[in-house]
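Engineer: Quick one: the structure is below, questions incoming.
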Amino acid sequence: MSRRNIIPEKYQEIHEFLFAWHDILAHIVVKGDELHLQDANFTIEETASASEVISLEGEELWEWLQSNGYEHITRELLQKQIYFAVLSDFCHFLYEALTCSERGKLTVCFALLRKPFKDNLLLLEWLLADPKDFMEKFTSDDSDNFAPDKIPVEKKLEIIKNAETKAHTALDQFRHIYDLRYNKKKHFGFEPVWNQAAHIVTSFKFYKTESEHLNFVFSDYTAIEDQWEQLYVSLPILIYHAVEVAITLLHRIYDDVDGLTGITKLERMEQFLLVVDEINNF
């Protein structure tokens with residue numbers, strides 16, 4: 001059964017673009033499981049140790065590797081597990097957000113987009129930009145060291161910039177990508193609308209709820225059309241950036257990335273530029 005879709009015609013092509021990018025990411029997660037890409041191959045140096053470890057699994061195997069000089073294997077396994085788990089979670093939220101948009105449920109759509117783009121994507125960017133730093137923070141004794149909301153502005157900018165560079169997107173839009181996701185003062189960004197979608201009344205001066213009003217509750221069709229416009233003008237660059245970050249990380253795990261995803265980097269760039277042209281024609 002086809003999904004119900006009431007998005008205005010002018011945004012339909014962009015919406016399909018967003019869903020196609022979601023499907024690429026979801027396909028990575030599915031194939032990663034099918035191809036056992038979260039596993040790691042390694043050689044045990046001593047014969048006696050090999051016979052000892054062959055019967056171990058789960059936490060016992062992990063502890064043995066940690067205690068016998070194979071920390072590099074546990075680090076590799078952990079990075080892979082983080083990558084696929086965070087990416088899978090990203091896809092779940094993005095899928096539900098896009099289907100909410102199709103049904104005109106923009107409040108729920110915006111609320112669902114907050115976590116994947118503020119939190120999940122930042123962890124993937126960090127894992128790409130500086131894996132050593134990320135793993136040191138992740139395996140420290142305090143989760144504040146890697147909590148997205150605890151990371152200072154300049155550190156976020158550095159992570160996004162370095163991830164963009166390593167992903168070779170040729171965008172040079174790291175500051176704009178930051179503003180779309182985190183800047184409360186930018187009217188074009190998602191941070192104000194994410195907070196308004198999550199809270200029925202907001203007090204921050206740049207998006208303070210008006211007197212005798214409630215956030216999103218009294219939205220008429222004109223207001224919903226404005227929300228659709230913001231969504232389909234601003235979201236494509238974020239999803240394109242997220243896809244390139246995820247695929248660049250996948251290159252560290254698997255050789256035939258084009259074969260796995262079914263699309264080349266050039267084809268992805270060409271599709272993105274077509275969407276940019278579509279936006280410019282609004």
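Just remember, in the structure tokens the first chain shown is A, the second B, etc., residues are 1-based per chain, and ligands are 1-based in the order shown.
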For Leu260 in chain A, work out the shell of residues within 12 Å, counting only C-alpha atoms and skipping chain neighbours fewer than 3 positions away, then give it as an MDAnalysis selection string.
Structural biologist: chainID A and resid 24:32 34:35 37 247 250:251 253:257 263:264
Engineer: Would you mind exporting N, CA, C and O atoms of the selected residues as a compact mmCIF listing (two decimals), in the first residue's frame?
Structural biologist:
```txt
# COMPACT_ATOMS: atom_id res chain seq x y z
N ILE A 24 19.67 5.08 0.92
CA ILE A 24 21.09 4.73 0.80
C ILE A 24 21.66 4.41 2.18
O ILE A 24 22.34 3.39 2.37
N LEU A 25 21.37 5.26 3.16
CA LEU A 25 21.88 5.05 4.51
C LEU A 25 21.30 3.78 5.13
O LEU A 25 22.01 2.99 5.77
N ALA A 26 19.99 3.57 4.95
CA ALA A 26 19.35 2.38 5.49
C ALA A 26 19.93 1.12 4.84
O ALA A 26 20.11 0.08 5.51
N HIS A 27 20.23 1.21 3.55
CA HIS A 27 20.81 0.06 2.83
C HIS A 27 22.19 -0.28 3.39
O HIS A 27 22.54 -1.46 3.50
N ILE A 28 22.96 0.73 3.75
CA ILE A 28 24.27 0.49 4.37
C ILE A 28 24.10 -0.32 5.66
O ILE A 28 24.85 -1.26 5.92
N VAL A 29 23.12 0.06 6.46
CA VAL A 29 22.88 -0.64 7.72
C VAL A 29 22.49 -2.10 7.47
O VAL A 29 23.02 -3.02 8.10
N VAL A 30 21.57 -2.31 6.53
CA VAL A 30 21.10 -3.67 6.22
C VAL A 30 22.24 -4.53 5.67
O VAL A 30 22.45 -5.67 6.12
N LYS A 31 22.99 -4.00 4.71
CA LYS A 31 24.08 -4.77 4.11
C LYS A 31 25.21 -4.99 5.11
O LYS A 31 25.90 -6.02 5.06
N GLY A 32 25.40 -4.03 5.99
CA GLY A 32 26.42 -4.21 7.03
C GLY A 32 26.13 -5.42 7.88
O GLY A 32 27.05 -6.17 8.26
N GLU A 34 24.15 -8.04 6.87
CA GLU A 34 24.22 -9.22 6.00
C GLU A 34 25.66 -9.65 5.74
O GLU A 34 25.96 -10.85 5.70
N LEU A 35 26.55 -8.68 5.57
CA LEU A 35 27.94 -8.99 5.24
C LEU A 35 28.85 -9.09 6.47
O LEU A 35 30.06 -9.23 6.33
N LEU A 37 29.79 -6.82 8.57
CA LEU A 37 30.82 -5.78 8.55
C LEU A 37 31.17 -5.27 9.94
O LEU A 37 32.14 -4.52 10.09
N ILE A 247 29.27 7.52 4.16
CA ILE A 247 29.92 6.71 3.12
C ILE A 247 31.44 6.78 3.25
O ILE A 247 32.13 5.77 3.03
N LEU A 250 32.32 4.40 5.82
CA LEU A 250 32.17 3.04 5.31
C LEU A 250 33.40 2.59 4.52
O LEU A 250 33.75 1.40 4.55
N HIS A 251 34.06 3.52 3.85
CA HIS A 251 35.28 3.18 3.09
C HIS A 251 36.36 2.59 4.00
O HIS A 251 37.23 1.85 3.53
N ILE A 253 35.81 0.49 6.26
CA ILE A 253 35.36 -0.84 6.65
C ILE A 253 35.26 -1.78 5.47
O ILE A 253 35.54 -2.97 5.57
N TYR A 254 34.88 -1.23 4.31
CA TYR A 254 34.53 -2.07 3.16
C TYR A 254 35.08 -1.45 1.88
O TYR A 254 35.04 -0.22 1.71
N ASP A 255 35.61 -2.27 0.98
CA ASP A 255 36.27 -1.76 -0.22
C ASP A 255 35.30 -1.32 -1.31
O ASP A 255 35.43 -0.23 -1.86
N ASP A 256 34.33 -2.16 -1.64
CA ASP A 256 33.44 -1.87 -2.78
C ASP A 256 32.22 -1.08 -2.33
O ASP A 256 31.09 -1.57 -2.35
N VAL A 257 32.44 0.16 -1.94
CA VAL A 257 31.35 0.99 -1.42
C VAL A 257 30.35 1.35 -2.52
O VAL A 257 29.14 1.32 -2.30
N ILE A 263 25.50 3.52 -6.03
CA ILE A 263 25.60 4.88 -6.58
C ILE A 263 27.01 5.41 -6.34
O ILE A 263 27.62 5.14 -5.30
N THR A 264 27.55 6.13 -7.31
CA THR A 264 28.90 6.67 -7.18
C THR A 264 28.86 8.06 -6.56
O THR A 264 27.82 8.71 -6.49
```
Engineer: Counting only C-alpha atoms, which residues of range 67-186 of chain A sit at most 12 Å from some atom of range 41-46 of chain A, and what is each one's closest atom pair with its distance in Å to one decimal, listed by chain and rising residue number, as a tab-separated table?
Structural biologist:
```
residue	atom	partner	partner_atom	distance
A:Asn68	CA	A:Ile44	CA	10.0
A:Gly69	CA	A:Ile44	CA	10.3
A:Tyr70	CA	A:Ile44	CA	9.0
A:Glu71	CA	A:Phe42	CA	11.6
A:His72	CA	A:Phe42	CA	10.0
A:Ile73	CA	A:Phe42	CA	7.4
A:Thr74	CA	A:Phe42	CA	10.6
A:Glu76	CA	A:Asn41	CA	10.1
A:Leu77	CA	A:Asn41	CA	9.8
```
Engineer: Store the residues picked out above in a file with all heavy atoms, as a PDB file, in the first residue's frame.
Structural biologist:
```pdb
ATOM      1  N   ASN A  68      45.179  -9.165  26.774  1.00  0.00           N
ATOM      2  CA  ASN A  68      46.288  -9.888  26.142  1.00  0.00           C
ATOM      3  C   ASN A  68      46.890  -9.153  24.942  1.00  0.00           C
ATOM      4  O   ASN A  68      47.404  -9.780  24.019  1.00  0.00           O
ATOM      5  CB  ASN A  68      45.814 -11.286  25.722  1.00  0.00           C
ATOM      6  CG  ASN A  68      45.590 -12.206  26.903  1.00  0.00           C
ATOM      7  OD1 ASN A  68      46.507 -12.874  27.368  1.00  0.00           O
ATOM      8  ND2 ASN A  68      44.362 -12.231  27.420  1.00  0.00           N
ATOM      9  N   GLY A  69      46.813  -7.841  24.968  1.00  0.00           N
ATOM     10  CA  GLY A  69      47.493  -7.042  23.956  1.00  0.00           C
ATOM     11  C   GLY A  69      46.771  -6.886  22.644  1.00  0.00           C
ATOM     12  O   GLY A  69      47.389  -6.540  21.623  1.00  0.00           O
ATOM     13  N   TYR A  70      45.463  -7.123  22.641  1.00  0.00           N
ATOM     14  CA  TYR A  70      44.698  -6.979  21.400  1.00  0.00           C
ATOM     15  C   TYR A  70      43.702  -5.822  21.496  1.00  0.00           C
ATOM     16  O   TYR A  70      42.606  -5.878  20.955  1.00  0.00           O
ATOM     17  CB  TYR A  70      43.956  -8.281  21.081  1.00  0.00           C
ATOM     18  CG  TYR A  70      44.888  -9.425  20.756  1.00  0.00           C
ATOM     19  CD1 TYR A  70      45.339 -10.271  21.764  1.00  0.00           C
ATOM     20  CD2 TYR A  70      45.329  -9.644  19.449  1.00  0.00           C
ATOM     21  CE1 TYR A  70      46.204 -11.319  21.481  1.00  0.00           C
ATOM     22  CE2 TYR A  70      46.186 -10.688  19.156  1.00  0.00           C
ATOM     23  CZ  TYR A  70      46.631 -11.519  20.174  1.00  0.00           C
ATOM     24  OH  TYR A  70      47.487 -12.555  19.883  1.00  0.00           O
ATOM     25  N   GLU A  71      44.116  -4.762  22.186  1.00  0.00           N
ATOM     26  CA  GLU A  71      43.232  -3.608  22.339  1.00  0.00           C
ATOM     27  C   GLU A  71      42.864  -2.997  20.994  1.00  0.00           C
ATOM     28  O   GLU A  71      41.778  -2.429  20.842  1.00  0.00           O
ATOM     29  CB  GLU A  71      43.892  -2.530  23.216  1.00  0.00           C
ATOM     30  CG  GLU A  71      44.115  -2.936  24.657  1.00  0.00           C
ATOM     31  CD  GLU A  71      45.483  -3.564  24.856  1.00  0.00           C
ATOM     32  OE1 GLU A  71      46.141  -3.928  23.847  1.00  0.00           O
ATOM     33  OE2 GLU A  71      45.896  -3.699  26.028  1.00  0.00           O
ATOM     34  N   HIS A  72      43.777  -3.114  20.020  1.00  0.00           N
ATOM     35  CA  HIS A  72      43.486  -2.558  18.697  1.00  0.00           C
ATOM     36  C   HIS A  72      42.302  -3.279  18.049  1.00  0.00           C
ATOM     37  O   HIS A  72      41.556  -2.681  17.265  1.00  0.00           O
ATOM     38  CB  HIS A  72      44.721  -2.642  17.789  1.00  0.00           C
ATOM     39  CG  HIS A  72      45.195  -4.034  17.521  1.00  0.00           C
ATOM     40  ND1 HIS A  72      45.775  -4.837  18.487  1.00  0.00           N
ATOM     41  CD2 HIS A  72      45.181  -4.787  16.377  1.00  0.00           C
ATOM     42  CE1 HIS A  72      46.094  -6.006  17.970  1.00  0.00           C
ATOM     43  NE2 HIS A  72      45.742  -6.008  16.688  1.00  0.00           N
ATOM     44  N   ILE A  73      42.099  -4.545  18.379  1.00  0.00           N
ATOM     45  CA  ILE A  73      40.964  -5.298  17.842  1.00  0.00           C
ATOM     46  C   ILE A  73      39.666  -4.838  18.503  1.00  0.00           C
ATOM     47  O   ILE A  73      38.655  -4.617  17.821  1.00  0.00           O
ATOM     48  CB  ILE A  73      41.154  -6.809  18.040  1.00  0.00           C
ATOM     49  CG1 ILE A  73      42.408  -7.290  17.313  1.00  0.00           C
ATOM     50  CG2 ILE A  73      39.922  -7.568  17.556  1.00  0.00           C
ATOM     51  CD1 ILE A  73      42.384  -7.074  15.818  1.00  0.00           C
ATOM     52  N   THR A  74      39.692  -4.693  19.813  1.00  0.00           N
ATOM     53  CA  THR A  74      38.471  -4.223  20.499  1.00  0.00           C
ATOM     54  C   THR A  74      38.130  -2.799  20.078  1.00  0.00           C
ATOM     55  O   THR A  74      36.959  -2.446  19.963  1.00  0.00           O
ATOM     56  CB  THR A  74      38.630  -4.301  22.028  1.00  0.00           C
ATOM     57  OG1 THR A  74      39.765  -3.521  22.447  1.00  0.00           O
ATOM     58  CG2 THR A  74      38.809  -5.740  22.479  1.00  0.00           C
ATOM     59  N   GLU A  76      38.768  -1.495  17.095  1.00  0.00           N
ATOM     60  CA  GLU A  76      38.175  -1.624  15.758  1.00  0.00           C
ATOM     61  C   GLU A  76      36.727  -2.090  15.841  1.00  0.00           C
ATOM     62  O   GLU A  76      35.831  -1.547  15.173  1.00  0.00           O
ATOM     63  CB  GLU A  76      38.991  -2.611  14.919  1.00  0.00           C
ATOM     64  CG  GLU A  76      38.410  -2.856  13.525  1.00  0.00           C
ATOM     65  CD  GLU A  76      39.117  -3.971  12.774  1.00  0.00           C
ATOM     66  OE1 GLU A  76      40.195  -4.409  13.227  1.00  0.00           O
ATOM     67  OE2 GLU A  76      38.563  -4.423  11.739  1.00  0.00           O
ATOM     68  N   LEU A  77      36.479  -3.089  16.669  1.00  0.00           N
ATOM     69  CA  LEU A  77      35.119  -3.608  16.835  1.00  0.00           C
ATOM     70  C   LEU A  77      34.185  -2.538  17.383  1.00  0.00           C
ATOM     71  O   LEU A  77      33.052  -2.391  16.919  1.00  0.00           O
ATOM     72  CB  LEU A  77      35.131  -4.823  17.766  1.00  0.00           C
ATOM     73  CG  LEU A  77      35.695  -6.115  17.187  1.00  0.00           C
ATOM     74  CD1 LEU A  77      35.944  -7.131  18.305  1.00  0.00           C
ATOM     75  CD2 LEU A  77      34.741  -6.701  16.147  1.00  0.00           C
TER      76      LEU A  77
END
```
Engineer: Point out the residue among A:Thr169, A:Ser67, A:Asn120, A:Gln227 with the least atom-to-atom distance to Leu273 in chain A, counting only C-alpha atoms.
Structural biologist: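 Ranked by minimum distance to Leu273 in chain A, first place goes to A:Thr169.
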Engineer: If we count only C-alpha atoms, what is near range 130-135 of chain A at a cut-off of 12 Å, once residues fewer than 4 positions away on the same chain are taken out, given as JSON, numbers by chain?
Structural biologist: {"A": [72, 74, 75, 76, 77, 78, 79, 80, 82, 83, 122, 123, 124, 125, 126, 139, 140, 141, 143, 145, 146, 147, 148, 151, 155, 158, 159, 160, 161, 162, 163, 165, 166, 249, 252]}
Engineer: Could you write out, as a PyMOL selection string, all the residues of range 117-191 of chain A that DSSP marks as alpha helix (DSSP H)?
Structural biologist: chain A and resi 121-129+131-138+153-167+174-182+190-191
Engineer: Kindly indicate which residue among A:Leu180, A:Ile224, A:Leu127, A:Leu231 lies nearest to Val86 in chain A, using only C-alpha atoms for the distances.
Structural biologist: A:Leu127
Engineer: Please determine, counting only C-alpha atoms, which residue among A:Val275, A:Pro116, A:Leu238, A:Phe204 has the shortest atom-to-atom distance to Arg175 in chain A.
Structural biologist: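 Checking each candidate against Arg175 in chain A, we get A:Leu238 as the closest.
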Engineer: Considering only C-alpha atoms, can you say which of A:Lys105, A:His168, A:His36, A:His15 comes closest to Gln81 in chain A?
Structural biologist: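 Result for the nearest residue to Gln81 in chain A: A:His36.
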Engineer: Can you tell me how far CA of Leu113 in chain A sits from CA of Trp21 in chain A, in Å to one decimal?
Structural biologist: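 If I compute the distance from CA of Leu113 in chain A to CA of Trp21 in chain A, I get 14.8 Å.
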Engineer: Quote the spacing between CA of Glu13 in chain A and CA of Val233 in chain A in Å to one decimal place.
Structural biologist: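 Computed distance, CA of Glu13 in chain A to CA of Val233 in chain A, equals 11.9 Å.
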Engineer: Work out how far CA of His187 in chain A is from CA of Phe206 in chain A, in Å to one decimal.
Structural biologist: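 It comes out at 8.1 Å.
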Engineer: May I ask which of the residues A:Glu63, A:Ala85, A:Gly189, A:Glu164 is the closest one to Ala129 in chain A, counting only C-alpha atoms?
Structural biologist: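 Comparing A:Glu63, A:Ala85, A:Gly189, A:Glu164 against Ala129 in chain A, the winner is A:Glu164.
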Engineer: Identify, on the basis of only C-alpha atoms, every residue whose closest approach to Glu229 in chain A does not exceed 10 Å; exclude the query and any residue fewer than 5 positions from it along the same chain; express the result as a PyMOL selection string.
Structural biologist: chain A and resi 8+10-11+223-224+234-235+279+282
